[in-house]
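As structure tokens, the structure follows; a few thoughts come after it.
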Amino acid sequence: MPLMPQKPATIFGSGMVRRATLSTGLLAGLAMLLAACSGGTGDTAAGGDAVPVGVLHSLSGTMAISEIAVKNATMMAIGEVNAAGGVLGRQIAPVVEDGASDPAIFAQKASKLVESDDAVTVFGGWTSASRKAMLPVFERTKNLLWYPVQFEGNECSPNIMYSGAQPNQQILPALDWAKKAGHNNFFLVGSDYVFPRTANLILKKHMEAAGLGVAGEAYVPLGGTDFSGVIARIVQSRPDIIFNTLNGDSNVAFFKQLQGAGLTSAKLPVMSFSIGEQEAQAMGPALVEGSYASWNYFQSLDLPENAKFVAAFKAKHGADSTLTDPMVHGYLNVYAWKAAVEKARSFAVDDVRKAAATLGTFATPMGPVSFANNQSLVQPALVGRLKADGQFEIISTSEAPIQPEPFDQLAFPGQTCKH
Amino acid sequence: MEGLVLPQLFNGLSVASLYLLAALGLALSFGLMRVINMAHGEMLMLGGYLAFLTLSLVPGTGGILLAVPVAFVGAALMGALIQLTLVRRLLARPLDTLIATWGVSLILQQAARDLFGAVGVEVRAPDWLAGSVQLGSMAFPTARLFILLATLLVLGALALLFRTTRAGLHIRAVNQDRAMAAMLGINVGRVELMMFALGTGIAGLAGVMLALLGPVTPTVGQSYIVPAFLVVVLGGVGSIQGTTIAALMLGLVSAVAQIFVDVSVAQLLLLLFVILFLQVRPQGVITTSSRALDG
């Protein structure tokens, strides 16, 4: 029997009219449902003069493992600011949207937040693919995105505040640490998109300059779960450390299959750039125990501000919840925006942006930080080793906060921020 | 490069066995009923979550052995439900089945998201499944050996079913000539229900195997459904033998390609391979003849 029925009557026959009305009805019902849902998030926080801001993270798909937690931390900061009287006397009305781990959806939702919901600013994004997709929206609408995650640099838009680490605040300190620890043959594995590819390009330039060996390099599509080929290559090329820029739940499959091949952390250490406490807990700490990570913040950081932050989050989200570096960046972004708005006495993007760069040092759960002129954060770099309880033991800390450098001079010589 | 050939051949077999388990159900339902079940990937997902639940209640070796029948029966029941409520009523309208089962797939994904959260869950397999067997210089992960064995058992069971049982005879009869079989007194509706449930049950079983290698997420089925469709098309629609050969071909092509290129490029080469193959042999590996299901 052919797939297409011979008599079109079976598809478009007598039933058509009835089904058309039925489906129109269904669509109308669906539209009403959607309207009810989206209306619900926007107007909850306060009355008429609340100021709308967007919160845009992946609440579904492969990145949900990481981004839901950042959304929660951002929402907690907004809640705290509202409880303390809001911004310039106005309550913040967060509009939460799901980017669904899909850059195209991030772009759509960003333009919805700015153009339909009149968000004065947006907090969100994780993958660089999502940021690259949102960037034209924020430049076109002259709005401002607060981006909370470490990234590959090589970008400097006036419409984005980059609080996550630049390469010289995470990747390169990790390389310095590995070099000092005696590792000299590196295998680079990453998800196949802009961050891992650019990060590894920078790493390879610096490895070449330092006379270190690159045993191999492999990429797997974002969300991919088959690492058999990658692991066969790792086994064959005999590196002494893996630098891992995989994102999302691909990491679970990678570590599981690494373990299956007999490559435990003791035999072959892994340094990860996108695994924090929360991912470690979701993956089961036993699977990643003994592996390394480089961030600007660890939950185990011994600071009074951090103890307060951790306690507040646990009170809200349960005693077994964990805190990660991007969560702290998402949290401090809200406070930095509030401080900048109040310094500028305006919600206008240009005023806020200029005020943010001149705020000076402010206290955060990760210690005192400040925004530099290039709209990136001046912050220290840390290296941690994962313990059995899912927490990191901090084994290396940069001597002082590091100035952010968006353009690595070995990989992108001569390029600088235009503003 | 030479050192990679043997491990990659083994990995190719391993990937092929997963493709095959995911594709068998599609091949059965498409071969017999010309129904393209878009919710097939969600049967893998269902099997994965059932394995997760079983292993949370009964940890260890007993758990994984119990998870296999639980996932099979669970996914088969879900398949039977879909067949009775949707597919059966839409048999004369193949395009509508496509849309209806796609809808079911979205509903099931969202249901999983609501029940288990958008973040994936991890199946804690017993220790002997997390390690590897060392043979010479090569390490064979036990999970992958387990999956290979399970696939062989499924193939053997299917062959026995089709060749030696009365139910198998009925299935072959319906496949050869639906109208004639009905006239000879075979309950065609019941045979189709059984077939559909069997296909989704095998997919549920495949879900257990996937859970041994990676996280179980609401969309876990999506990454295997496209290769599974490729396997069915390449194999020649409705032939178990063809499906098996096609799964082997695709698994090996993708593994061998990965010796030279990245996974992303390997996927591209895989698609190119399928297109070229179908140019040369549009009917697939095995032509769907009247006795096609007679493995």
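By order in the structure tokens, chains are A, B, ...; within a chain, residues start at 1; ligands start at 1, following the order shown.
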
Within 6 Å of chain B, which residues of chain A show up? Give each one with its shortest atom-to-atom distance in Å (one decimal) and the two atoms involved, counting only C-alpha atoms, rows by chain then rising residue number, as a tab-separated table.
```
residue	atom	partner	partner_atom	distance
A:Ser60	CA	B:Ala118	CA	5.2
A:Ala64	CA	B:Val119	CA	5.6
A:Ile65	CA	B:Val119	CA	4.7
A:Tyr219	CA	B:Asp262	CA	5.8
A:Val220	CA	B:Val263	CA	5.3
A:Pro221	CA	B:Ser264	CA	5.9
A:Ser228	CA	B:Asn11	CA	6.0
A:Gly229	CA	B:Gln258	CA	5.9
A:Val252	CA	B:Gly214	CA	6.0
A:Ala253	CA	B:Gly214	CA	4.0
A:Gly260	CA	B:Gly131	CA	4.6
A:Ala261	CA	B:Pro141	CA	5.5
```

Point to revise | 10 Å contact set for Thr97 in chain B, only C-alpha atoms, chain neighbours under 5 positions out, as an MDAnalysis selection string | key: chainID B and resid 34:38 86:92 102:103

Practice item. As a VMD selection string, please: all residues of range 89-264 of chain B that backbone DSSP puts in helix (DSSP H, G or I). Key: chain B and resid 89 to 90 94 to 116 127 to 130 142 to 164 166 to 176 178 to 183 188 to 213 222 to 235 240 to 260 263 to 264

Practice item. Among the residues of range 88-237 of chain B, find those DSSP assigns to strand (DSSP E) from the backbone and print them as a list of chain:residue names. Key: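 For range 88-237 of chain B, the strand (DSSP E) set is B:Ser132, B:Val133, B:Gln134, B:Leu135, B:Met138, B:Ala139, B:Phe140, B:Pro141.
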
Okay, now the selection with C-alpha atoms, as a compact mmCIF listing (two decimals), in the first residue's frame?
```
# COMPACT_ATOMS: atom_id res chain seq x y z
CA SER B 132 35.50 -3.31 31.38
CA VAL B 133 37.06 -6.60 30.32
CA GLN B 134 40.70 -6.38 29.31
CA LEU B 135 41.69 -8.51 26.33
CA MET B 138 41.94 -3.58 24.27
CA ALA B 139 39.37 -2.84 26.94
CA PHE B 140 35.78 -3.94 26.24
CA PRO B 141 33.26 -2.04 28.40
```

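Between CA of Leu88 in chain A and CA of Thr324 in chain A the interatomic distance comes to 29.4 Å.
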
Exercise for review: Identify, on the basis of only C-alpha atoms, every residue whose closest approach to Gly384 in chain A does not exceed 10 Å; exclude the query and any residue fewer than 2 positions from it along the same chain; express the result as a list in words.
Suggested key: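 Using only C-alpha atoms, the neighbours found are Ala174, Met271, Gly276, Gly290, Ser291, Tyr292, Ala293, Ser294, Trp295, Tyr297, Phe298, Ser300, Leu382, Leu386, Lys387, Gln391, Phe392, Glu393, Ile394, Ile395, Ser396 and Thr397 of chain A.
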
**Study point:** Coordinates-based distance that separates CA of Gly224 in chain A from CA of Ala282 in chain A (Å, one decimal)
**Key:**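 Straight-line distance from CA of Ala282 in chain A to CA of Gly224 in chain A works out to 17.4 Å.
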
**Study point:** Of the listed residues A:Val137, A:Ala218, A:Ala266, A:Ala93, that which approaches Ile105 in chain A most closely, counting only C-alpha atoms
**Key:** A:Val137

Point to revise | Of the listed residues B:Val208, B:Val188, B:Ala112, B:Ile107, that which approaches Ala125 in chain B most closely, counting only C-alpha atoms | key: B:Val208

Can I get the residues of range 166-249 of chain B within 9 Å of range 67-75 of chain B, each with the closest pair of atoms and their distance in Å to one decimal, using only C-alpha atoms, sorted chain first then ascending number, as a Markdown table?
```
| residue | atom | partner | partner_atom | distance |
| --- | --- | --- | --- | --- |
| B:Ala197 | CA | B:Ala75 | CA | 7.6 |
| B:Leu198 | CA | B:Phe72 | CA | 8.4 |
| B:Thr200 | CA | B:Ala75 | CA | 5.7 |
| B:Gly201 | CA | B:Phe72 | CA | 4.3 |
| B:Ile202 | CA | B:Phe72 | CA | 6.2 |
| B:Ala203 | CA | B:Ala75 | CA | 7.3 |
| B:Gly204 | CA | B:Ala75 | CA | 5.1 |
| B:Leu205 | CA | B:Phe72 | CA | 5.2 |
| B:Ala206 | CA | B:Phe72 | CA | 8.8 |
| B:Gly207 | CA | B:Ala71 | CA | 7.8 |
| B:Val208 | CA | B:Val68 | CA | 6.6 |
| B:Met209 | CA | B:Val68 | CA | 8.8 |
```

Check your understanding: So how far away is CA of Ala165 in chain A from CA of Gln150 in chain A, in Å?
Key ->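 CA of Gln150 in chain A sits 4.2 Å away from CA of Ala165 in chain A.
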
Review point. What's the 12 Å shell around Ser237 in chain A, counting only C-alpha atoms, without same-chain residues fewer than 5 positions away, as a list in words?
Key: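 Final neighbour list, sorted by chain and number: Asn185, Phe186, Phe187, Leu188, Gly213, Val214, Ala215, Gly216, Glu217, Ala218, Val230, Ile231, Ala232 and Ile242 of chain A; Met1, Glu2, Gly3 and Leu4 of chain B.
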
How would the residues just picked look written out with C-alpha atoms as a PDB file, in the first residue's frame?
```pdb
ATOM      1  CA  ASN A 185      50.368  15.997  27.050  1.00  0.00           C
ATOM      2  CA  PHE A 186      46.784  17.223  26.688  1.00  0.00           C
ATOM      3  CA  PHE A 187      43.676  15.747  25.047  1.00  0.00           C
ATOM      4  CA  LEU A 188      40.978  18.337  24.239  1.00  0.00           C
ATOM      5  CA  GLY A 213      51.949  18.469  23.584  1.00  0.00           C
ATOM      6  CA  VAL A 214      48.443  18.144  22.171  1.00  0.00           C
ATOM      7  CA  ALA A 215      47.644  14.417  22.081  1.00  0.00           C
ATOM      8  CA  GLY A 216      44.359  14.944  20.282  1.00  0.00           C
ATOM      9  CA  GLU A 217      41.219  16.999  19.905  1.00  0.00           C
ATOM     10  CA  ALA A 218      37.636  15.749  19.481  1.00  0.00           C
ATOM     11  CA  VAL A 230      36.309   9.706  21.226  1.00  0.00           C
ATOM     12  CA  ILE A 231      37.352   7.335  24.004  1.00  0.00           C
ATOM     13  CA  ALA A 232      39.052   4.971  21.557  1.00  0.00           C
ATOM     14  CA  ILE A 242      41.967  15.651  29.472  1.00  0.00           C
TER      15      ILE A 242
ATOM     16  CA  MET B   1      45.461   5.250  13.058  1.00  0.00           C
ATOM     17  CA  GLU B   2      46.087   1.459  12.961  1.00  0.00           C
ATOM     18  CA  GLY B   3      45.573   1.197  16.696  1.00  0.00           C
ATOM     19  CA  LEU B   4      42.084   2.628  16.283  1.00  0.00           C
TER      20      LEU B   4
END
```

Exercise for review: Write out as a list in words which residues come within 8 Å of Phe196 in chain B when counting only C-alpha atoms, dropping same-chain ones fewer than 3 positions away.
Suggested key: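 Returned residues: Gly25, Leu28, Ser29, Ala76, Gly79, Ala80, Gln83, Glu192, Leu193, Gly199 and Thr200 of chain B.
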
Check your understanding: Using only C-alpha atoms, which of A:Pro269, A:Ser163, A:Glu155, A:Pro326 sits nearest Thr416 in chain A?
Key ->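 Selected residue with least distance to Thr416 in chain A: A:Glu155.
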
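Shell of Gly41 in chain B at 8 Å, with only C-alpha atoms counted and residues fewer than 6 places along the chain excluded, is B:Ala22, B:Ser105, B:Ala203, B:Val220, B:Gly221, B:Gln222, B:Tyr224, B:Ile225.
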